[in-house]
Every structure is written in C-alpha cells, then in structure tokens.
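File shown here: target28.cif, holding mmCIF, C-alpha atoms.
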data_protein
loop_
_atom_site.label_atom_id
_atom_site.label_comp_id
_atom_site.auth_asym_id
_atom_site.auth_seq_id
_atom_site.Cartn_x
_atom_site.Cartn_y
_atom_site.Cartn_z
CA MET A 1 245.98 62.09 22.91
CA ASP A 2 243.78 59.46 24.55
CA LEU A 3 242.81 61.94 27.25
CA THR A 4 241.86 64.47 24.61
CA ILE A 5 239.64 61.95 22.81
CA GLU A 6 238.12 60.86 26.10
CA SER A 7 237.42 64.43 27.16
CA LYS A 8 235.83 65.21 23.79
CA ALA A 9 233.65 62.10 24.04
CA GLY A 10 232.66 63.09 27.56
CA TYR A 11 231.76 66.58 26.39
CA VAL A 12 229.59 65.22 23.55
CA LEU A 13 227.79 62.74 25.80
CA SER A 14 227.12 65.45 28.36
CA ASN A 15 226.04 68.24 26.03
CA VAL A 16 225.00 67.13 22.55
CA ALA A 17 221.40 65.92 22.79
CA GLU A 18 221.20 64.66 19.21
CA VAL A 19 224.06 62.22 19.77
CA VAL A 20 222.79 61.03 23.14
CA GLU A 21 219.28 60.50 21.76
CA LYS A 22 220.60 58.49 18.82
CA ILE A 23 222.62 56.28 21.15
CA LEU A 24 219.65 55.70 23.45
CA THR A 25 217.54 54.37 20.59
CA PHE A 26 219.73 51.23 20.78
CA VAL A 27 219.03 50.73 24.51
CA PRO A 28 216.20 48.39 25.64
CA THR A 29 213.42 50.25 27.43
CA LYS A 30 214.08 48.87 30.91
CA SER A 31 217.72 49.93 30.70
CA LEU A 32 216.58 53.27 29.30
CA PHE A 33 214.99 54.10 32.65
CA HIS A 34 218.33 53.50 34.37
CA THR A 35 220.20 55.74 31.92
CA ALA A 36 217.64 58.48 32.51
CA SER A 37 219.06 58.93 36.00
CA VAL A 38 222.52 59.89 34.71
CA CYS A 39 221.78 63.59 34.24
CA ALA A 40 219.07 66.03 33.13
CA LEU A 41 220.15 65.83 29.47
CA TRP A 42 219.97 62.05 29.39
CA ARG A 43 216.62 62.10 31.19
CA GLU A 44 215.12 64.39 28.56
CA CYS A 45 216.63 62.36 25.73
CA ALA A 46 215.25 59.15 27.24
CA ARG A 47 211.78 60.71 27.40
CA ARG A 48 211.95 61.68 23.73
CA VAL A 49 213.04 58.17 22.76
CA LEU A 50 210.12 56.67 24.71
CA ARG A 51 207.64 59.02 23.02
CA LYS A 52 208.87 57.89 19.60
CA GLN A 53 208.33 54.20 20.35
CA GLN A 54 205.01 53.95 18.52
CA ASN A 55 205.32 50.52 16.88
CA VAL A 56 203.86 47.31 18.22
CA THR A 57 206.19 44.44 19.06
CA TRP A 58 205.76 40.90 20.31
CA ILE A 59 207.33 37.93 22.04
CA SER A 60 206.41 34.44 20.84
CA ALA A 61 207.48 30.91 21.67
CA SER A 62 206.77 27.33 20.68
CA GLY A 63 208.15 23.83 21.13
CA SER A 64 208.72 21.57 24.07
CA SER A 65 209.86 23.08 27.34
CA GLY A 66 211.46 19.83 28.43
CA GLY A 67 209.46 19.62 31.65
CA SER A 68 210.65 22.96 33.03
CA GLY A 69 207.36 24.82 32.77
CA HIS A 70 205.55 26.12 29.71
CA VAL A 71 207.69 27.57 26.91
CA LEU A 72 205.91 30.97 26.73
CA PRO A 73 206.32 32.03 30.38
CA ARG A 74 210.00 31.14 30.21
CA LYS A 75 210.45 33.14 27.01
CA LEU A 76 208.64 36.15 28.50
CA ASP A 77 210.85 36.01 31.57
CA GLU A 78 213.93 36.09 29.32
CA GLU A 79 212.82 38.64 26.71
CA VAL A 80 210.54 41.29 28.27
CA GLU A 81 213.53 43.24 29.55
CA ASN A 82 214.96 43.41 26.02
CA VAL A 83 212.04 45.05 24.19
CA TYR A 84 212.38 48.53 22.73
CA LEU A 85 209.10 50.02 23.90
CA LEU A 86 207.17 50.67 27.11
CA PRO A 87 204.14 48.35 27.01
CA LYS A 88 200.85 50.02 27.88
CA THR A 89 198.57 47.15 26.81
CA VAL A 90 199.52 43.49 26.39
CA LEU A 91 197.50 40.75 24.66
CA ILE A 92 198.68 37.27 25.68
CA MET A 93 197.40 34.08 24.05
CA ALA A 94 198.68 30.60 24.83
CA ASP A 95 197.51 27.01 24.67
CA VAL A 96 195.55 25.87 27.70
CA ASP A 97 198.54 24.09 29.26
CA ALA A 98 200.31 27.43 29.75
CA PHE A 99 197.88 28.34 32.51
CA ASN A 100 196.45 24.97 33.58
CA GLN A 101 199.56 22.98 34.47
CA GLN A 102 199.63 22.54 38.22
CA ASP A 103 203.43 22.83 38.28
CA ASN A 104 203.58 25.71 35.83
CA HIS A 105 204.75 29.09 37.05
CA PHE A 106 205.78 32.23 35.25
CA LEU A 107 208.79 33.09 37.35
CA LYS A 108 210.67 30.43 39.24
CA LYS A 109 212.07 33.03 41.58
CA LYS A 110 208.53 34.00 42.60
CA VAL A 111 206.24 32.09 44.93
CA LYS A 112 204.42 29.24 43.23
CA LYS A 113 200.67 29.62 42.96
CA SER A 114 198.33 27.40 40.98
CA SER A 115 195.30 29.68 41.32
CA SER A 116 194.15 32.08 38.64
CA SER A 117 194.96 35.04 40.86
CA GLY A 118 198.48 33.72 41.39
CA LYS A 119 199.10 33.46 37.65
CA THR A 120 197.66 36.93 37.15
CA ASP A 121 200.04 38.34 39.76
CA GLU A 122 202.98 36.62 38.09
CA LEU A 123 201.97 38.03 34.71
CA ARG A 124 201.79 41.53 36.11
CA LYS A 125 205.26 41.27 37.65
CA LEU A 126 206.68 40.76 34.16
CA PHE A 127 205.36 44.07 32.82
CA PRO A 128 205.44 47.71 33.98
CA LYS A 129 203.16 48.76 36.81
CA GLY A 130 199.77 49.83 35.49
CA CYS A 131 200.12 47.85 32.24
CA ASP A 132 196.73 46.62 30.98
CA ILE A 133 197.01 42.85 30.41
CA LEU A 134 194.55 40.56 28.65
CA GLY A 135 195.57 36.91 28.93
CA ILE A 136 193.55 34.06 27.43
CA ALA A 137 193.97 30.30 27.01
CA VAL A 138 192.90 28.56 23.80
CA PRO A 139 193.05 25.05 22.24
CA GLY A 140 195.59 26.01 19.54
CA ILE A 141 197.77 28.95 18.56
CA VAL A 142 198.69 30.91 15.43
CA LEU A 143 201.84 33.03 15.76
CA THR A 144 204.66 34.73 13.93
CA PRO A 145 208.12 33.86 15.27
CA MET A 146 210.10 36.70 16.83
CA GLY A 147 212.72 38.69 14.98
CA SER A 148 211.02 39.99 11.85
CA HIS A 149 207.58 40.95 10.57
CA SER A 150 208.31 38.84 7.50
CA ASN A 151 208.92 35.58 9.38
CA PRO A 152 206.48 32.89 8.17
CA PRO A 153 203.49 32.55 10.54
CA GLN A 154 202.87 29.13 12.01
CA GLU A 155 199.78 27.20 13.07
CA PHE A 156 200.02 25.10 16.24
CA GLU A 157 196.91 22.97 16.60
CA GLU A 158 198.52 21.16 19.51
CA GLY A 159 201.62 21.42 21.67
CA GLU A 160 203.12 24.32 23.57
CA ALA A 161 202.90 27.72 21.91
CA GLY A 162 201.92 31.28 22.71
CA PHE A 163 202.64 34.96 22.22
CA ALA A 164 202.41 38.36 23.88
CA ILE A 165 201.65 41.39 21.69
CA MET A 166 202.81 44.60 23.35
CA PHE A 167 201.14 47.88 22.45
CA PRO A 168 202.95 51.10 23.49
CA ASN A 169 201.24 54.42 24.17
CA ILE A 170 200.43 55.43 20.57
CA ASP A 171 199.51 59.06 19.87
CA GLY A 172 195.81 59.42 19.11
CA ILE A 173 194.97 55.77 19.90
CA ASN A 174 193.35 54.30 23.00
CA ILE A 175 193.45 50.54 23.65
CA ARG A 176 191.70 49.16 26.70
CA SER A 177 190.63 45.73 27.91
CA PHE A 178 187.17 44.81 29.19
CA HIS A 179 185.70 41.87 31.07
CA PHE A 180 181.96 41.29 31.48
CA CYS A 181 180.14 38.57 33.38
CA LYS A 182 176.43 38.23 33.97
CA ARG A 183 176.56 40.32 37.15
CA SER A 184 178.75 43.13 35.86
CA PHE A 185 177.24 43.57 32.40
CA SER A 186 175.04 46.62 31.80
CA SER A 187 174.62 49.54 29.44
CA THR A 188 176.77 51.54 31.85
CA SER A 189 179.60 49.00 31.79
CA LEU A 190 179.47 48.94 27.98
CA GLU A 191 179.88 52.70 27.90
CA GLU A 192 182.66 52.67 30.49
CA ALA A 193 184.53 50.16 28.32
CA GLY A 194 184.20 52.47 25.33
CA LEU A 195 182.01 50.03 23.38
CA VAL A 196 178.97 52.32 22.98
CA ASN A 197 178.55 56.08 22.57
CA ASN A 198 182.15 56.20 21.41
CA PRO A 199 182.45 57.76 17.93
CA SER A 200 186.18 56.99 17.76
CA LEU A 201 185.74 53.22 18.30
CA ARG A 202 187.20 51.37 15.31
CA VAL A 203 188.04 47.77 16.28
CA VAL A 204 186.82 45.33 18.92
CA LEU A 205 188.56 42.01 19.54
CA LEU A 206 186.03 39.96 21.50
CA PHE A 207 186.34 36.55 23.16
CA GLY A 208 183.69 34.51 24.96
CA TYR A 209 184.52 31.79 27.48
CA GLU A 210 182.54 28.89 28.96
CA ALA A 211 180.41 29.29 25.83
CA PHE A 212 178.57 25.96 26.17
CA LYS A 213 177.10 26.66 29.60
CA SER A 214 173.42 27.45 29.95
CA GLY A 215 172.82 31.14 29.33
CA ALA A 216 176.23 31.78 27.77
CA ALA A 217 174.97 32.10 24.18
CA ARG A 218 172.25 34.54 25.19
CA PHE A 219 174.75 36.58 27.18
CA LEU A 220 177.19 36.77 24.27
CA ASN A 221 174.37 37.95 22.00
CA GLN A 222 173.61 40.74 24.49
CA VAL A 223 177.20 41.96 24.22
CA ILE A 224 177.43 41.62 20.44
CA GLU A 225 174.06 43.17 19.59
CA PRO A 226 174.97 46.83 20.20
CA LEU A 227 178.34 46.31 18.52
CA SER A 228 176.74 44.88 15.38
CA LYS A 229 175.02 48.24 14.80
CA ALA A 230 178.27 50.20 14.93
CA ASN A 231 180.53 50.83 11.95
CA ILE A 232 183.46 48.94 13.45
CA LEU A 233 185.53 45.84 12.86
CA LEU A 234 184.46 43.05 15.22
CA ALA A 235 186.53 39.86 15.32
CA GLY A 236 187.25 37.09 17.81
CA GLY A 237 185.90 33.76 18.96
CA HIS A 238 185.25 31.32 21.78
CA ILE A 239 188.17 30.56 24.08
CA GLU A 240 188.85 28.14 26.92
CA SER A 241 189.54 30.49 29.81
CA VAL A 242 190.75 33.91 30.94
CA THR A 243 193.81 34.60 33.06
CA SER A 244 193.71 38.39 33.13
CA PRO A 245 191.86 40.65 33.76
CA GLU A 246 190.06 38.71 36.44
CA SER A 247 186.34 39.02 37.12
CA GLU A 248 185.62 39.53 40.79
CA CYS A 249 181.85 39.31 40.59
CA CYS A 250 181.20 35.74 39.40
CA ASN A 251 182.18 32.31 40.64
CA PRO A 252 184.93 30.29 38.94
CA GLY A 253 183.51 28.44 35.95
CA SER A 254 180.95 31.11 35.11
CA TYR A 255 180.64 32.33 31.53
CA GLY A 256 181.69 35.77 30.37
CA VAL A 257 183.22 37.94 27.66
CA VAL A 258 186.61 39.68 27.47
CA GLY A 259 188.35 41.69 24.81
CA LEU A 260 190.11 44.81 23.63
CA ALA A 261 188.47 48.03 22.42
CA LEU A 262 190.65 50.05 20.03
CA SER A 263 189.69 53.67 19.47
CA GLY A 264 191.24 56.41 17.36
CA SER A 265 190.76 57.98 13.96
CA LYS A 266 194.08 56.57 12.68
CA ILE A 267 192.98 52.95 13.16
CA GLN A 268 191.89 50.97 10.11
CA GLY A 269 190.47 47.47 10.02
CA ALA A 270 189.12 44.88 7.62
CA SER A 271 188.12 41.23 7.82
CA VAL A 272 187.01 38.31 5.68
CA LEU A 273 185.24 35.08 6.58
CA LEU A 274 186.60 31.77 5.30
CA GLU A 275 183.56 29.50 5.39
CA GLN A 276 183.35 25.73 5.25
CA ASP A 277 183.59 25.57 1.46
CA VAL A 278 187.06 27.15 1.62
CA ASN A 279 188.87 23.83 1.76
CA SER A 280 191.92 24.01 -0.49
CA GLU A 281 195.08 26.07 -0.81
CA LYS A 282 193.64 27.79 -3.87
CA THR A 283 190.32 28.77 -2.28
CA ALA A 284 192.05 29.85 0.96
CA GLU A 285 194.38 32.14 -0.98
CA ALA A 286 191.45 33.57 -2.95
CA ALA A 287 189.54 34.31 0.26
CA VAL A 288 192.48 36.06 1.92
CA GLN A 289 193.15 37.97 -1.31
CA ARG A 290 189.88 39.84 -0.74
CA LEU A 291 191.53 41.66 2.17
CA LYS A 292 193.88 43.37 -0.28
CA SER A 293 191.03 45.51 -1.63
CA ALA A 294 190.83 47.32 1.72
CA ASN A 295 194.20 48.95 0.86
CA ILE A 296 195.34 48.94 4.48
CA PRO A 297 198.97 50.10 4.99
CA GLN A 298 201.38 47.34 6.01
CA HIS A 299 203.39 49.47 8.44
CA ASN A 300 202.35 49.01 12.09
CA THR A 301 199.64 46.55 11.03
CA LEU A 302 198.76 43.22 12.64
CA GLY A 303 197.00 40.24 11.14
CA PHE A 304 194.60 38.15 13.22
CA MET A 305 193.34 34.65 12.47
CA PHE A 306 190.55 33.12 14.53
CA ALA A 307 189.85 29.59 13.30
CA CYS A 308 187.68 26.68 14.34
CA VAL A 309 189.44 23.69 15.92
CA GLY A 310 187.81 21.63 13.16
CA ARG A 311 189.85 23.33 10.46
CA GLY A 312 193.64 23.20 10.22
CA ARG A 313 195.28 20.17 8.63
CA HIS A 314 192.20 17.95 9.06
CA HIS A 315 190.16 20.38 6.95
CA TYR A 316 192.86 20.66 4.26
CA ASN A 317 193.52 16.96 3.56
CA SER A 318 196.39 16.65 6.06
CA LYS A 319 198.20 19.73 4.73
CA ASN A 320 199.67 21.90 7.49
CA ASN A 321 199.63 25.69 7.80
CA VAL A 322 197.43 26.29 4.75
CA GLU A 323 195.63 29.44 5.95
CA ALA A 324 198.69 31.01 7.60
CA ASP A 325 200.68 30.39 4.41
CA ALA A 326 197.92 31.96 2.32
CA PHE A 327 198.04 35.04 4.53
CA ARG A 328 201.82 35.35 4.22
CA LYS A 329 201.67 35.01 0.44
CA ILE A 330 199.30 37.99 0.24
CA PHE A 331 200.78 39.99 3.15
CA PRO A 332 204.47 38.99 3.42
CA ASN A 333 205.41 41.82 5.81
CA ILE A 334 202.49 41.69 8.27
CA PRO A 335 202.81 39.40 11.32
CA LEU A 336 199.88 37.07 11.96
CA PHE A 337 198.50 36.02 15.37
CA GLY A 338 195.44 34.19 16.63
CA PHE A 339 194.07 30.86 17.73
CA PHE A 340 192.09 27.74 17.05
CA GLY A 341 188.93 27.98 19.14
CA ASN A 342 185.43 26.68 19.68
CA GLY A 343 183.54 29.16 17.49
CA GLU A 344 184.30 32.32 15.53
CA ILE A 345 183.05 35.91 15.71
CA GLY A 346 183.25 38.21 12.72
CA CYS A 347 182.13 38.79 9.15
CA ASP A 348 183.19 40.10 5.77
CA LYS A 349 183.95 43.77 6.39
CA ILE A 350 185.93 45.65 3.79
CA VAL A 351 185.58 49.41 3.41
CA THR A 352 187.25 51.26 0.55
CA GLU A 353 186.73 54.57 -1.18
CA ASP A 354 184.59 52.85 -3.79
CA TYR A 355 182.40 50.52 -1.81
CA THR A 356 181.55 48.99 1.55
CA LEU A 357 181.25 45.23 1.99
CA THR A 358 179.82 44.13 5.31
CA ASP A 359 177.52 41.44 6.63
CA ALA A 360 176.70 42.12 10.23
CA GLU A 361 173.52 40.05 10.32
CA ASN A 362 175.38 36.89 11.23
CA LEU A 363 178.46 37.47 13.38
CA GLN A 364 178.81 34.05 15.03
CA HIS A 365 180.04 31.05 13.10
CA GLY A 366 181.30 27.51 13.35
CA TYR A 367 183.78 25.56 11.23
CA SER A 368 185.07 28.81 9.73
CA THR A 369 188.02 31.20 10.00
CA VAL A 370 187.95 34.97 10.51
CA MET A 371 190.98 36.74 9.01
CA ALA A 372 191.44 40.39 9.97
CA LEU A 373 193.86 43.28 9.53
CA VAL A 374 194.27 46.02 12.14
CA HIS A 375 196.35 49.09 11.28
CA LEU A 376 197.46 51.32 14.18
CA GLY A 377 198.54 54.41 12.28
#

Could you render the structure from this file as structure tokens?
Amino acid sequence: MDLTIESKAGYVLSNVAEVVEKILTFVPTKSLFHTASVCALWRECARRVLRKQQNVTWISASGSSGGSGHVLPRKLDEEVENVYLLPKTVLIMADVDAFNQQDNHFLKKKVKKSSSSGKTDELRKLFPKGCDILGIAVPGIVLTPMGSHSNPPQEFEEGEAGFAIMFPNIDGINIRSFHFCKRSFSSTSLEEAGLVNNPSLRVVLLFGYEAFKSGAARFLNQVIEPLSKANILLAGGHIESVTSPESECCNPGSYGVVGLALSGSKIQGASVLLEQDVNSEKTAEAAVQRLKSANIPQHNTLGFMFACVGRGRHHYNSKNNVEADAFRKIFPNIPLFGFFGNGEIGCDKIVTEDYTLTDAENLQHGYSTVMALVHLG
C-alpha cells in the first residue's frame, strides 16, 4: 500500500506540471534554482513560477546590533536567500553608520574592507549576478517592518535602521539606476539613463549627495531642470553618501546625483508636499489625505516619505511617528519607506481623470516632507 502511494506520488511529481508548479510557488527563489535541475519538467515549472513573481518585496531591520556589526547587513545576510522573487533592481537605504563604521562588514565570512568599493562588492555578493543595486546612506530612516504590507511604518530619526526594496523583472516595466558626477554628466548620459527622450518615463527617485559643497546646488539644478519639464513624478532629497553604484570619474568627497528611473505605461505616481505649516497630527493627516484623490491602486504600490531632519518629533511637539502614522491611517495596506535628509525634492503632483494638480516651478525644499505613491502595475 505504501509503495503504491509512493509510486503514485512519484508519478505525479514527474508528470503533472500543474501540481509541481503549485508546489514550487512555496519554494524560496534561491532554492528554486536548485530544484530546476531535477528534470526538464521541474525546470520548465520553475521558469513559469519565476515569471509570475511580479510583486515587490523588501527586507527591513532596526534596533541595536549589540556590537556585532550593523543590524541591516546582518538581516540581509540572513533573509535574502528566503525571498520569493528574483531581484533585478534593489534600492537600499540605511543610516550612515551602516556604511561608515570601520568595523562594519556585510558578510563576516568575506574579507573585511572598509573602503566604499569593498562595501559595494559585499553588497553585490548578497544578490544575484547582474542585479542593479542603488545603496545610499542617510541621517534617519522610515521603514515598514517585514512580514506584511499592513505593518505600521516606523520613523527612526536616530539609531540603527535600514531596508532593501527588491524589484523583480516586471512585465512592461523598466527600472534602472543612474549616477552622475560633474565629469560624467551630459545630455548623452541623461538620455542613456532614460531620463530624457523617453516617452514611457513615469517616475524618477532622485538623490543628491555632498549637497553643501561649492557647485553642488548648480549641478543638481542642471539635472532637475530637464526633468521638471516632463510629465513625471519626481521625488527624493539630499543624502549623506552613496555606496552603490560607484562613480569612477570623480574623487571621493565630490558631489553628485544618483537615483532610479522607472519607465512603463502601467506605472502610476502621485505626490504631495507637507510644508512647514503642517505641524500637527490633524494637518499631517489632511495633507496625506490629498493623495487619495489620485485613485492609485493599492496592490503592488509603494509609499515613499522624504522628510527634513528638522521635522519628526521635534516638529510635532515631541510626538513620535506622526507623518508615518498619518500615511498608514489613509493607506493601511501600502508599505512606506524613505528617510530623514538634508533637503527635499518634489512637489504636489496629483493627476486624475478630472484634473491635474502640479507645481513644478519649485522642486527643492527645506523643512518639509514629500509623500509619494508609486504603483507598479
């Protein structure tokens, strides 16, 4: 009897593609590649499962690491192998200590390196070969804990925190990173990055670093100016430093701009600007509520929050997490990510069937927060 059951199970697993494919949906992606070598049927089923993995996922971490390296690198080392998608593009944000600690390293089993190139190499070893990685360091972090889209987002103005958003290969959508410095920037490099002469461009997440150095403001304006004329969502801010992709043309400490360009007709985006007079729970909720009028679907949608370091609890009379809580109240099933930085980039941009609200004249701000939604189809 047992042999009969075993032989029937063996027959099903060797011949019935629908059953094998269903089973493989419960297998993490890295293990999926191993199962693909079992036989031709399993290989084809594994390919179909990979093609269906169209939803974004993330790994996040916070809290004290207890002196054993930063909490985010350790969490990435533990969890990357357990994700259920093949990352094509990864956006990593962490507090500055994640990349600046002299004794910090992403994988203890790898060779320690304190240089930027060493940290970049360690990042790349965590993800599939050819994965496009954008890693930035910021003064403070906004993240949604792992496990569920409906987990309450949290603001970390200080302490160890960070996240990695992993984008799979999504049908009809192209996501690519860019990195410009004063020597590499040109109209040609803008076009190669998909930022100009690209009718399918929908969203640009843009981050400037070393913003207070002489010439940095003028350079950032050169990058933003052509984007301000396009009918796209532009959001971001000023960060501390870049870990990946590296710029090979300028000296360490030079200013520059990095970001992600998201193209594809399925992408939708909207943003609102919370200015200095938004200074209570009630006014924060009212400002975020304006995003609802964009009618953006909640499925496969990310929220982004780029806030000034001068906001947070000090701006809201010692109340913590005010803006993240306001976002969750309006969008309870959309995860929120972002940072506290040294300046904000963005504007009110809400497009509906009935009207268009946009103010692209002034895209750089201080003491404000840019809240944005990005839907990936």

For atom CA of Glu275 of chain A and atom CA of Pro152 of chain A, the interatomic separation in Å (one decimal): 23.3 Å

Take atom CA of Pro28 of chain A and atom CA of His375 of chain A and report the distance between them in Å, one decimal.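 Pair atom CA of Pro28 of chain A / atom CA of His375 of chain A returns 24.5 Å.
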
List, as a PyMOL selection string, every residue that the PyMOL selection byres ((chain A and resi 172) around 9) selects in the file provided. chain A and resi 169-171+173-174+263-266+377

Counting all atoms listed in the file, I want the residues whose atoms come within 9 Å of (187.3, 34.5, 9.0) in the file frame, returned as a list in words. Ala235, Ser271, Val272, Leu273, Leu274, Glu275, Val288, Met305, Phe306, Ala307, Glu344, Ile345, Gly346, Cys347, Asp348, Ser368, Thr369, Val370, Met371 and Ala372 of chain A

I need the residues from that last selection saved to file as a tab-separated table (two decimals), in the coordinates of the input (with C-alpha atoms), if you can.
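What follows is the written file selection_3.tsv:
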chain	number	residue	atom	x	y	z
A	235	ALA	CA	186.53	39.86	15.32
A	271	SER	CA	188.12	41.23	7.82
A	272	VAL	CA	187.01	38.31	5.68
A	273	LEU	CA	185.24	35.08	6.58
A	274	LEU	CA	186.60	31.77	5.30
A	275	GLU	CA	183.56	29.50	5.39
A	288	VAL	CA	192.48	36.06	1.92
A	305	MET	CA	193.34	34.65	12.47
A	306	PHE	CA	190.55	33.12	14.53
A	307	ALA	CA	189.85	29.59	13.30
A	344	GLU	CA	184.30	32.32	15.53
A	345	ILE	CA	183.05	35.91	15.71
A	346	GLY	CA	183.25	38.21	12.72
A	347	CYS	CA	182.13	38.79	9.15
A	348	ASP	CA	183.19	40.10	5.77
A	368	SER	CA	185.07	28.81	9.73
A	369	THR	CA	188.02	31.20	10.00
A	370	VAL	CA	187.95	34.97	10.51
A	371	MET	CA	190.98	36.74	9.01
A	372	ALA	CA	191.44	40.39	9.97

Between A:Asn320, A:Ser254, A:Ser64, A:Thr283, which residue has the minimum interatomic distance to Val242 of chain A, considering all atoms listed in the file? A:Ser254

Go through A:Gly130, A:Gly194, A:Gly312, A:Pro168 one by one, measure the shortest atom-to-atom distance of each to Asn279 of chain A using only C-alpha atoms, and give the residue with the smallest value. A:Gly312

Can you list, as a compact mmCIF listing (two decimals) with C-alpha atoms, keeping the file's coordinate frame, the residues that the PyMOL selection byres ((chain A and resi 165) around 6) selects here?
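File result02.txt, as written:
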# COMPACT_ATOMS: atom_id res chain seq x y z
CA TRP A 58 205.76 40.90 20.31
CA VAL A 90 199.52 43.49 26.39
CA LEU A 91 197.50 40.75 24.66
CA ALA A 164 202.41 38.36 23.88
CA MET A 166 202.81 44.60 23.35

Interatomic distance between atom CA of Ile239 of chain A and atom CA of Gly135 of chain A? 10.9 Å

Box in all listed atoms of segment 90-99 of chain A, axis-aligned, with 3 Å more on each side; write out centre and edge lengths in Å to one decimal as lines of an AutoDock Vina configuration file.
center_x = 197.9
center_y = 33.8
center_z = 28.3
size_x = 10.8
size_y = 25.4
size_z = 14.5

Since I can't run it myself right now, could you work out what the PyMOL selection byres ((chain A and resi 238) around 8) selects here and report it as number ranges by chain? A: 207-209, 211, 236-237, 239-240, 341-345

For each of A:Pro226, A:Gly259, A:Gly310, A:Gly162, take the minimum atom-to-atom distance to Ala193 of chain A, counting only C-alpha atoms, then give the residue where this is smallest.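 Closest to Ala193 of chain A, using only C-alpha atoms: A:Gly259.
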
Given only C-alpha atoms as the basis, pick out the residue of A:Asp77, A:Glu225, A:Glu281, A:Glu158 nearest to Ala324 of chain A.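 Comparing A:Asp77, A:Glu225, A:Glu281, A:Glu158 against Ala324 of chain A, the winner is A:Glu281.
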
From the list A:Lys129, A:Arg328, A:Arg74, A:Arg313, which residue is nearest Glu285 of chain A when using all atoms listed in the file?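 Smallest separation from Glu285 of chain A among the options: A:Arg328.
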
May I ask which of the residues A:Ser241, A:Asn231, A:Thr89, A:Ser186 is the closest one to Leu260 of chain A, counting all atoms listed in the file?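 Closest candidate: A:Thr89.
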
Slice of the block: segment 365-372 of chain A, all heavy atoms, as a PDB file, in the first residue's frame:
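Result written to result-v9.pdb:
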ATOM      1  N   HIS A 365      13.185  71.890  -1.610  1.00  0.00           N
ATOM      2  CA  HIS A 365      12.582  72.452  -0.410  1.00  0.00           C
ATOM      3  C   HIS A 365      13.447  72.165   0.813  1.00  0.00           C
ATOM      4  O   HIS A 365      14.357  71.338   0.785  1.00  0.00           O
ATOM      5  CB  HIS A 365      11.191  71.845  -0.184  1.00  0.00           C
ATOM      6  CG  HIS A 365      10.332  71.852  -1.403  1.00  0.00           C
ATOM      7  ND1 HIS A 365       9.577  72.934  -1.772  1.00  0.00           N
ATOM      8  CD2 HIS A 365      10.122  70.901  -2.359  1.00  0.00           C
ATOM      9  CE1 HIS A 365       8.928  72.658  -2.893  1.00  0.00           C
ATOM     10  NE2 HIS A 365       9.245  71.432  -3.268  1.00  0.00           N
ATOM     11  N   GLY A 366      13.130  72.859   1.881  1.00  0.00           N
ATOM     12  CA  GLY A 366      13.722  72.611   3.178  1.00  0.00           C
ATOM     13  C   GLY A 366      12.646  72.625   4.234  1.00  0.00           C
ATOM     14  O   GLY A 366      11.603  73.275   4.077  1.00  0.00           O
ATOM     15  N   TYR A 367      12.868  71.875   5.306  1.00  0.00           N
ATOM     16  CA  TYR A 367      11.934  71.807   6.427  1.00  0.00           C
ATOM     17  C   TYR A 367      10.549  71.344   5.987  1.00  0.00           C
ATOM     18  O   TYR A 367       9.516  71.822   6.461  1.00  0.00           O
ATOM     19  CB  TYR A 367      11.851  73.164   7.128  1.00  0.00           C
ATOM     20  CG  TYR A 367      11.662  73.049   8.626  1.00  0.00           C
ATOM     21  CD1 TYR A 367      12.655  72.463   9.418  1.00  0.00           C
ATOM     22  CD2 TYR A 367      10.508  73.498   9.237  1.00  0.00           C
ATOM     23  CE1 TYR A 367      12.481  72.347  10.786  1.00  0.00           C
ATOM     24  CE2 TYR A 367      10.324  73.380  10.612  1.00  0.00           C
ATOM     25  CZ  TYR A 367      11.312  72.795  11.372  1.00  0.00           C
ATOM     26  OH  TYR A 367      11.148  72.660  12.740  1.00  0.00           O
ATOM     27  N   SER A 368      10.525  70.407   5.041  1.00  0.00           N
ATOM     28  CA  SER A 368       9.267  69.889   4.505  1.00  0.00           C
ATOM     29  C   SER A 368       9.342  68.365   4.429  1.00  0.00           C
ATOM     30  O   SER A 368      10.344  67.752   4.795  1.00  0.00           O
ATOM     31  CB  SER A 368       8.992  70.475   3.115  1.00  0.00           C
ATOM     32  OG  SER A 368       9.972  70.008   2.196  1.00  0.00           O
ATOM     33  N   THR A 369       8.254  67.757   3.948  1.00  0.00           N
ATOM     34  CA  THR A 369       8.225  66.322   3.689  1.00  0.00           C
ATOM     35  C   THR A 369       7.544  66.088   2.349  1.00  0.00           C
ATOM     36  O   THR A 369       6.494  66.682   2.073  1.00  0.00           O
ATOM     37  CB  THR A 369       7.448  65.559   4.777  1.00  0.00           C
ATOM     38  OG1 THR A 369       8.120  65.700   6.030  1.00  0.00           O
ATOM     39  CG2 THR A 369       7.338  64.079   4.435  1.00  0.00           C
ATOM     40  N   VAL A 370       8.126  65.248   1.526  1.00  0.00           N
ATOM     41  CA  VAL A 370       7.496  64.809   0.273  1.00  0.00           C
ATOM     42  C   VAL A 370       6.954  63.417   0.506  1.00  0.00           C
ATOM     43  O   VAL A 370       7.706  62.501   0.860  1.00  0.00           O
ATOM     44  CB  VAL A 370       8.495  64.822  -0.896  1.00  0.00           C
ATOM     45  CG1 VAL A 370       7.836  64.234  -2.157  1.00  0.00           C
ATOM     46  CG2 VAL A 370       8.989  66.239  -1.169  1.00  0.00           C
ATOM     47  N   MET A 371       5.647  63.239   0.339  1.00  0.00           N
ATOM     48  CA  MET A 371       4.994  61.930   0.410  1.00  0.00           C
ATOM     49  C   MET A 371       4.603  61.520  -1.001  1.00  0.00           C
ATOM     50  O   MET A 371       3.982  62.307  -1.731  1.00  0.00           O
ATOM     51  CB  MET A 371       3.734  61.972   1.249  1.00  0.00           C
ATOM     52  CG  MET A 371       3.952  61.975   2.731  1.00  0.00           C
ATOM     53  SD  MET A 371       4.325  60.356   3.410  1.00  0.00           S
ATOM     54  CE  MET A 371       4.183  60.744   5.163  1.00  0.00           C
ATOM     55  N   ALA A 372       4.922  60.301  -1.397  1.00  0.00           N
ATOM     56  CA  ALA A 372       4.640  59.863  -2.753  1.00  0.00           C
ATOM     57  C   ALA A 372       4.117  58.437  -2.767  1.00  0.00           C
ATOM     58  O   ALA A 372       4.415  57.630  -1.878  1.00  0.00           O
ATOM     59  CB  ALA A 372       5.901  59.946  -3.615  1.00  0.00           C
TER      60      ALA A 372
END
